[in-house]
Amino acid sequence: MKRKVTYIAVIVVTLMSTAFSFQLTAQTTIINSGWHFTLDSTKTSWQTVNIPHTWNKLDAFDDERGYYRGLGWYRKQVFISAEKENLVHYLHFKGVNQEANVYVNGNFVGNHKGGYTAFNFNITKWLKFDDYNLIEVEVDNSHNENIPPLDADFTFYGGIYRDVELISVPKQHLSLNDFASNGFYVDYYNVSDEKGGLEVTILVDNFENSQSTNQLQVTISNAEGNIIQTEKKKLKIKGNSTESLKIKFPEISNPNLWSPENPYLYNLNISLTDSKDKVLDEKSTHIAFRWVSVDANNGFYLNGKPYKIIGVNRHQDYKGYGNAVPMHLQKKDIHLIKNMGSNVIRFAHYPHSQELYKLCDELGILVWSEIPIVNIVTNTPEFFDTSLKMQEEHLKQYYNFPSVVMFGYMNEIFLRMQFNRKLTEESREAMKLYTYDLAKQLEDLTRKKAPNRLTVMALHFNEIYNETRIADLSMLIGWNLYFGWYNGTIPDLGIFLDDQHKRFPNRSIMISEYGPGADVNVSSTTPKKYDYTQEYQLMLHKSYYEQVMARDFVAGMTAWNFADFGSEFRGETIPHVNQKGLVQYDREPKDVYYWYQSVLREEPVLHIALNEKHPLNMIEENSRSVSVFSNQKEAKVYLNDQMLTAVQFERGLATVDVPFKDGKNQLKVVANTEEVNKTIQVYKIDNLITSDIDRFAINIGSHFSFYDEENEITFAPDRNYSKNQYGFLNGTAYNITKDHNQGIPNNVKNTEKEGVFQTMREGCTDYKVDIPNGYYKITLYFVEPQIRSNVETIFNLTTKKELSEESIKQRIFDIYLNEELIQSNFNMANNYPDKYGITVEALLKIKNNQGLHINLRALEGETVISGVLIEKMN
């Protein structure tokens with residue numbers, strides 16, 4: 001209901017503000033509400049929706065593989081009064097993914113390819129005045145070999161997911177025909193601490209048949225609103241033509257320079273009037289005096305001084321919305337990024353909403369903006385033309401934002417070729433050549449159209465970029481590096497960077513992506529590579545930061561990613577979501593977000609890395625190490641109102657061994673004026689038989705604990721059995737290596753407990769839990785781990801071979817609890833769909849101090865088991 005009211009209010013206000021001069025003054029009406037939508041190709045069944053809208057916000061996250069990629073149809077009736085007949089009318093679409101055909105009153109208006117840049121269509125000649133006009137949009141998010149992106153690690157949501165506007169302008173107006181830009185472009189000259197010059201190129205359209213006489217007035221105001229310079233220019237525009245002119249302002253003395261620390265903005269206002277001095281069209285934009293450069297030895301420079309850029313990448317989608325995200329939530333992202341201490345954003349892998357760039361201007365965040373040519377190129381004239389047009393749209397639509405200092409055009413462009421073993425050597429060589437050719441054309445276009453910006457390209461860890469010399473095209477190279485996750489070890493980062501700098505001493509580089517996946521429900525006292533624990537995420541990010549800060553030649557780093565984001569094919573502990581975010585998909589911060597605050601922010605920061613919702617299981621532990629983040633020098637730690645210790649912070653981190661007691665604990669940390677308190681439920685289990693625990697759960701086959709939100713219980717990590725405790729007597733952790741601690745990287749159907757089901761112990765016939773006598777409900781967790789559907793993806797960047805049908809072994813076993821047969825001939829592959837979360841429940845009486853003995857008796861193949869939940873019955 002609120003959204004409908006908001007849309008109505010916007011339309012009413014816009015109309016009221018122009019009602020007295022609608023024949024003369026440009027006006028914009030947002031037409032987001034009340035569209036009809038269907039996926040029905042017969043167009044007989046419609047639903048009413050509001051824009052922004054996507055048809056994939058649900059099916060991209062369900063248990064069925066894939067999501068709808070095809071045609072969708074939108075239509076809307078718009079009334080246009082007769083008083084507006086003398087105006088020129090445009091439909092302005094801010095984002096439609098990925099191909100759109102637009103019709104007005106049954107007439108084909110135009111086609112647009114590319115899902116992330118805006119486009120305009122002049123619809124004047126098809127309109128009926130004092131009548132309703134039918135707008136129809138056919139949208140297609142099908143895979144199209146001639147439209148990038150062809151392939152990427154994010155979901156290609158279909159729909160009209162950004163605002164739609166009806167723009168009505170007088171016959172003379174600032175052009176709307178130059179790639180949907182604002183019709184003017186701001187350039188700077190001779191910018192320094194002492195002075196700064198500005199030149200504006202303005203395009204004015206005349207839709208009259210005869211010559212018009214007009215005047216332009218362009219003013220510069222300071223942040224306080226005072227006009228400091230004004231330039232006026234008379235012009236005569238031939239009929240049915242566009243006039244391009246430049247207005248150059250005298251240099252401003254001692255300008256306030258823009259930076260993330262001091263985002264001082266001036267304002268530029270352009271007013272177009274007729275021969276009687278009546279305003280026809282008016283536009284304004286932020287302007288800012290700043291200059292950037294890069295140096296191969298000293299990195300990034302801002303306003304003539306070395307400046308380390310540290311920030312994040314961002315995808316635009318959001319939990320529950322897909323890519324059709326309300327603007328207030330998108331703006332909240334930018335505030336969260338700034339509050340983390342970031343001074344740079346890479347908008348990946350496509351242009352984001354222009355409102356966010358404006359906010360970056362205001363908050364002080366440098367921007368890397370790019371188009372989505374990702375992983376692979378199609379060698380056709382159509383693909384090349386679409387890519388070049390997409391970049392020109394990108395450059396012109398985002399040209400005037402002073403926060404934008406880098407324009408990019410490719411990401412990991414040889415990734416798909418690297419993992420396609422079916423390609424012949426001849427095909428590989430051809431791909432290298434035509435990919436380089438497109439990159440060179442895009443680089444040349446970007447340098448020509450945006451001469452005051454840096455050009456950038458992002459590469460993945462592979463020597464092919466050096467071999468082809470594609471890495472030498474752009475002014476700054478971003479390496480997407482995942483040492484300690486997909487490749488090698490964490491310290492390998494520094495080795496790689498030093499090697500690249502030594503071999504290519506004239507190349508400017510930064511790290512454009514890095515980071516491991518992490519789930520806030522997964523935790524370990526022994527974090528390991530590829531285990532999705534927050535502890536490992538912190539370990540990697542902290543080391544990367546230290547390695548980058550130690551190298552002046554590295555321009556900076558942008559973490560992958562600011563937030564978890566949709567990637568439909570992924571099978572992580574939260575399926576269909578790439579979990580490398582510093583905040584969760586709903587934007588709740590992970591612990592590492594607070595660590596970044598502690599090293600990047602000047603305002604006081606203090607955070608205890610414990611989740612109050614998650615009980616701690618302390619199995620034969622006297623104390624638990626707890627991480628505390630702060631940008632203060634030291635802090636005092638209190639446990640249950642008693643002074644525990646004082647700690648010193650190094651690189652924002654201090655660790656404290658906390659001797660928690662059984663039950664509720666109050667942990668308090670005080671640093672200067674900052675104080676943080678956490679209340680933690682702790683279960684100290686030195687002896688299961690004597691412990692007063694009604695519920696106990698074990699994550700079998702895993703070294704990490706998992707918090708089950710549904711059952712509000714923490715599954716304890718697996719262990720060898722010892723008396724009065726729990727553990728396995730035999731078997732091995734399935735698919736676990738030193739480099740991979742996930743188990744099976746797949747969505748498990750029928751559950752949200754992937755953190756339990758994805759790890760398991762294979763060949764385990766005996767598992768014991770020494771619980772006291774009593775009545776219990778026992779729940780066992782199983783999944784068939786064999787990958788029959790070959791869903792391993794290249795984005796895991798491993799060379800591990802998928803299981804073939806011939807290598808799959810039958811797996812049948814009986815399940816006993818304390819010698820009582822619970823289920824015979826248990827055959828998951830035969831009775832359940834692939835990767836289906838199976839629970840086997842039983843009521844059991846424990847007597848004679850025998851504890852619980854899970855006995856899996858193999859009839860064929862090897863047994864597997866993923867977890868057990870034990871609940872005492874009253």
# chains A, B, ... in the order shown; residues from 1 in each chain; ligands from 1
>>> residues_around(residues="segment 107-112 of chain A", least_positions_apart="6", cutoff="7 Å", atoms="only C-alpha atoms", output="PyMOL selection string")
chain A and resi 99-101+121+123
>>> write_last_selection(atoms="C-alpha atoms", output="PDB file, in the first residue's frame")
ATOM      1  CA  GLU A  99      16.226  -6.856 -24.617  1.00  0.00           C
ATOM      2  CA  ALA A 100      13.169  -4.655 -25.052  1.00  0.00           C
ATOM      3  CA  ASN A 101      10.771  -4.041 -27.925  1.00  0.00           C
ATOM      4  CA  PHE A 121      12.283   6.584 -27.541  1.00  0.00           C
ATOM      5  CA  ILE A 123       6.895   8.462 -29.211  1.00  0.00           C
TER       6      ILE A 123
END
>>> select_by_dssp(residues="segment 398-595 of chain A", states="helix (DSSP H, G or I)", output="PyMOL selection string")
chain A and resi 415-419+425-449+464-467+470-472+492-503+534-549+591-595
>>> residues_around(residues="Gly364 of chain A", least_positions_apart="4", cutoff="6 Å", atoms="only C-alpha atoms", output="ChimeraX atom specification")
/A:260,263,360
>>> select_by_dssp(residues="segment 127-346 of chain A", states="strand (DSSP E or B)", output="NGL selection string")
:A and (131-140 or 159-160 or 164-169 or 172-174 or 184-189 or 195-206 or 212-221 or 227-237 or 241-253 or 257 or 266-273 or 279-287 or 289 or 292-295 or 299-302 or 305-306 or 309-314 or 318 or 322 or 344-346)
>>> closest_residue(among="A:Asn452, A:Asn730, A:Thr54, A:Asn146", to="Val325 of chain A", atoms="only C-alpha atoms")
A:Thr54
>>> residues_around(residues="Thr655 of chain A", least_positions_apart="6", cutoff="9 Å", atoms="only C-alpha atoms", output="ChimeraX atom specification")
/A:625-629,647,649
>>> write_last_selection(atoms="all heavy atoms", output="short mmCIF file (atom, residue, chain, number, x, y, z; two decimals), in the first residue's frame")
data_model
loop_
_atom_site.label_atom_id
_atom_site.label_comp_id
_atom_site.auth_asym_id
_atom_site.auth_seq_id
_atom_site.Cartn_x
_atom_site.Cartn_y
_atom_site.Cartn_z
N SER A 625 38.40 -18.55 22.52
CA SER A 625 39.01 -17.34 21.98
C SER A 625 37.94 -16.50 21.28
O SER A 625 37.21 -16.99 20.42
CB SER A 625 40.12 -17.71 20.99
OG SER A 625 40.71 -16.55 20.44
N VAL A 626 37.87 -15.23 21.65
CA VAL A 626 36.88 -14.31 21.09
C VAL A 626 37.61 -13.13 20.45
O VAL A 626 38.52 -12.55 21.05
CB VAL A 626 35.93 -13.79 22.19
CG1 VAL A 626 34.96 -12.75 21.63
CG2 VAL A 626 35.15 -14.95 22.82
N SER A 627 37.20 -12.79 19.25
CA SER A 627 37.79 -11.65 18.54
C SER A 627 37.04 -10.37 18.88
O SER A 627 35.80 -10.35 18.95
CB SER A 627 37.74 -11.86 17.02
OG SER A 627 38.57 -12.93 16.64
N VAL A 628 37.81 -9.32 19.11
CA VAL A 628 37.25 -7.99 19.36
C VAL A 628 37.88 -7.03 18.36
O VAL A 628 39.09 -7.06 18.14
CB VAL A 628 37.54 -7.52 20.80
CG1 VAL A 628 36.90 -6.15 21.05
CG2 VAL A 628 37.03 -8.54 21.82
N PHE A 629 37.05 -6.18 17.75
CA PHE A 629 37.53 -5.23 16.74
C PHE A 629 37.40 -3.81 17.27
O PHE A 629 36.38 -3.44 17.86
CB PHE A 629 36.71 -5.34 15.45
CG PHE A 629 36.57 -6.73 14.91
CD1 PHE A 629 35.37 -7.17 14.38
CD2 PHE A 629 37.64 -7.61 14.92
CE1 PHE A 629 35.23 -8.44 13.88
CE2 PHE A 629 37.52 -8.89 14.42
CZ PHE A 629 36.30 -9.32 13.90
N VAL A 647 43.43 -5.55 26.73
CA VAL A 647 43.95 -6.02 25.45
C VAL A 647 44.46 -4.85 24.63
O VAL A 647 43.98 -3.72 24.76
CB VAL A 647 42.88 -6.79 24.64
CG1 VAL A 647 42.50 -8.08 25.35
CG2 VAL A 647 41.65 -5.93 24.39
N PHE A 649 45.12 -3.56 20.63
CA PHE A 649 44.63 -3.84 19.28
C PHE A 649 45.75 -3.66 18.26
O PHE A 649 46.51 -2.70 18.30
CB PHE A 649 43.47 -2.91 18.93
CG PHE A 649 42.23 -3.19 19.71
CD1 PHE A 649 41.93 -2.44 20.85
CD2 PHE A 649 41.37 -4.21 19.34
CE1 PHE A 649 40.79 -2.69 21.58
CE2 PHE A 649 40.23 -4.48 20.07
CZ PHE A 649 39.93 -3.72 21.20
#
>>> residues_around(residues="Gln229 of chain A", least_positions_apart="3", cutoff="9 Å", atoms="only C-alpha atoms", output="ChimeraX atom specification")
/A:218-221,249-250,252
>>> write_last_selection(atoms="all heavy atoms", output="mmCIF file, in the first residue's frame")
data_model
loop_
_atom_site.group_PDB
_atom_site.id
_atom_site.type_symbol
_atom_site.label_atom_id
_atom_site.label_comp_id
_atom_site.auth_asym_id
_atom_site.auth_seq_id
_atom_site.Cartn_x
_atom_site.Cartn_y
_atom_site.Cartn_z
ATOM 1 N N VAL A 218 24.315 29.325 -18.194
ATOM 2 C CA VAL A 218 24.962 28.270 -17.412
ATOM 3 C C VAL A 218 25.616 28.924 -16.200
ATOM 4 O O VAL A 218 26.406 29.868 -16.352
ATOM 5 C CB VAL A 218 26.010 27.504 -18.249
ATOM 6 C CG1 VAL A 218 26.551 26.328 -17.457
ATOM 7 C CG2 VAL A 218 25.404 27.035 -19.571
ATOM 8 N N THR A 219 25.285 28.420 -15.028
ATOM 9 C CA THR A 219 25.831 28.999 -13.797
ATOM 10 C C THR A 219 26.540 27.937 -12.978
ATOM 11 O O THR A 219 26.190 26.758 -13.010
ATOM 12 C CB THR A 219 24.726 29.619 -12.922
ATOM 13 O OG1 THR A 219 23.801 28.597 -12.538
ATOM 14 C CG2 THR A 219 23.984 30.716 -13.657
ATOM 15 N N ILE A 220 27.552 28.395 -12.257
ATOM 16 C CA ILE A 220 28.251 27.554 -11.276
ATOM 17 C C ILE A 220 27.991 28.143 -9.901
ATOM 18 O O ILE A 220 28.207 29.339 -9.675
ATOM 19 C CB ILE A 220 29.763 27.504 -11.547
ATOM 20 C CG1 ILE A 220 30.058 26.894 -12.916
ATOM 21 C CG2 ILE A 220 30.476 26.703 -10.450
ATOM 22 C CD1 ILE A 220 31.530 26.915 -13.298
ATOM 23 N N SER A 221 27.502 27.294 -8.996
ATOM 24 C CA SER A 221 27.270 27.695 -7.606
ATOM 25 C C SER A 221 28.157 26.877 -6.695
ATOM 26 O O SER A 221 28.492 25.723 -6.997
ATOM 27 C CB SER A 221 25.803 27.477 -7.217
ATOM 28 O OG SER A 221 24.934 28.152 -8.080
ATOM 29 N N PHE A 249 34.346 28.166 -19.015
ATOM 30 C CA PHE A 249 34.380 29.118 -17.909
ATOM 31 C C PHE A 249 35.822 29.518 -17.602
ATOM 32 O O PHE A 249 36.753 28.712 -17.758
ATOM 33 C CB PHE A 249 33.768 28.495 -16.650
ATOM 34 C CG PHE A 249 32.275 28.385 -16.687
ATOM 35 C CD1 PHE A 249 31.655 27.280 -17.250
ATOM 36 C CD2 PHE A 249 31.480 29.379 -16.142
ATOM 37 C CE1 PHE A 249 30.283 27.171 -17.281
ATOM 38 C CE2 PHE A 249 30.098 29.289 -16.164
ATOM 39 C CZ PHE A 249 29.489 28.175 -16.736
ATOM 40 N N PRO A 250 36.001 30.754 -17.129
ATOM 41 C CA PRO A 250 37.338 31.133 -16.638
ATOM 42 C C PRO A 250 37.713 30.255 -15.442
ATOM 43 O O PRO A 250 36.846 29.738 -14.727
ATOM 44 C CB PRO A 250 37.154 32.592 -16.206
ATOM 45 C CG PRO A 250 35.922 33.057 -16.892
ATOM 46 C CD PRO A 250 35.046 31.864 -17.048
ATOM 47 N N ILE A 252 38.661 28.948 -11.889
ATOM 48 C CA ILE A 252 38.303 29.326 -10.529
ATOM 49 C C ILE A 252 39.563 29.266 -9.675
ATOM 50 O O ILE A 252 40.309 28.279 -9.711
ATOM 51 C CB ILE A 252 37.223 28.385 -9.967
ATOM 52 C CG1 ILE A 252 35.931 28.536 -10.768
ATOM 53 C CG2 ILE A 252 36.983 28.639 -8.486
ATOM 54 C CD1 ILE A 252 34.865 27.531 -10.402
#
>>> residues_around(residues="segment 686-695 of chain A", least_positions_apart="3", cutoff="7 Å", atoms="only C-alpha atoms", output="list in words")
Ile619, Glu620, Asn724, Gln725, Asp770, Ile771, Pro772, Ile870, Glu871 and Lys872 of chain A
>>> residues_around(residues="Gly517 of chain A", least_positions_apart="5", cutoff="10 Å", atoms="only C-alpha atoms", output="CSV table (one decimal) with N, CA and C atoms, in the first residue's frame")
chain,number,residue,atom,x,y,z
A,485,TRP,N,41.5,-19.4,-1.4
A,485,TRP,CA,40.1,-19.9,-1.6
A,485,TRP,C,40.0,-20.8,-2.8
A,529,LYS,N,40.5,-23.5,4.9
A,529,LYS,CA,40.2,-23.1,3.5
A,529,LYS,C,38.9,-23.7,3.0
A,530,TYR,N,38.1,-22.8,2.5
A,530,TYR,CA,36.8,-23.3,1.8
A,530,TYR,C,35.9,-23.9,2.8
A,531,ASP,N,35.7,-23.4,4.0
A,531,ASP,CA,34.8,-24.0,5.0
A,531,ASP,C,33.6,-23.0,5.3
A,532,TYR,N,33.6,-21.8,4.7
A,532,TYR,CA,32.5,-20.9,4.8
A,532,TYR,C,32.3,-20.3,6.3
A,533,THR,N,33.4,-20.5,7.1
A,533,THR,CA,33.3,-19.9,8.4
A,533,THR,C,33.6,-18.4,8.4
A,534,GLN,N,33.0,-17.7,9.3
A,534,GLN,CA,33.4,-16.2,9.4
A,534,GLN,C,34.8,-16.1,9.9
A,536,TYR,N,37.4,-17.9,9.0
A,536,TYR,CA,38.3,-17.9,7.9
A,536,TYR,C,38.2,-16.7,7.0
A,537,GLN,N,37.0,-16.2,6.9
A,537,GLN,CA,36.8,-14.9,6.2
A,537,GLN,C,37.6,-13.8,6.8
A,560,TRP,N,35.4,-8.6,-2.8
A,560,TRP,CA,34.3,-9.3,-3.4
A,560,TRP,C,33.6,-10.1,-2.3
A,561,ASN,N,32.4,-9.6,-1.9
A,561,ASN,CA,31.6,-8.6,-2.5
A,561,ASN,C,31.1,-7.8,-1.3
A,564,ASP,N,26.2,-10.5,0.0
A,564,ASP,CA,25.9,-11.7,-0.7
A,564,ASP,C,24.9,-11.4,-1.8
A,572,GLU,N,26.0,-23.2,-2.3
A,572,GLU,CA,26.8,-23.0,-1.1
A,572,GLU,C,25.9,-23.3,0.1
A,573,THR,N,26.3,-22.9,1.3
A,573,THR,CA,25.5,-23.3,2.5
A,573,THR,C,24.2,-22.6,2.5
A,577,VAL,N,23.0,-18.4,-3.8
A,577,VAL,CA,23.5,-17.2,-3.3
A,577,VAL,C,25.0,-17.3,-3.2
A,578,ASN,N,25.7,-16.3,-3.8
A,578,ASN,CA,27.2,-16.2,-3.7
A,578,ASN,C,27.4,-15.5,-2.3
A,579,GLN,N,28.1,-16.2,-1.4
A,579,GLN,CA,28.2,-15.8,0.0
A,579,GLN,C,29.5,-15.1,0.4
A,580,LYS,N,30.1,-14.5,-0.6
A,580,LYS,CA,31.4,-13.8,-0.3
A,580,LYS,C,31.2,-12.4,0.2
A,581,GLY,N,29.9,-12.0,0.5
A,581,GLY,CA,29.7,-10.6,1.0
A,581,GLY,C,30.2,-10.3,2.3
A,582,LEU,N,30.5,-9.0,2.6
A,582,LEU,CA,30.9,-8.6,3.9
A,582,LEU,C,29.6,-8.4,4.7
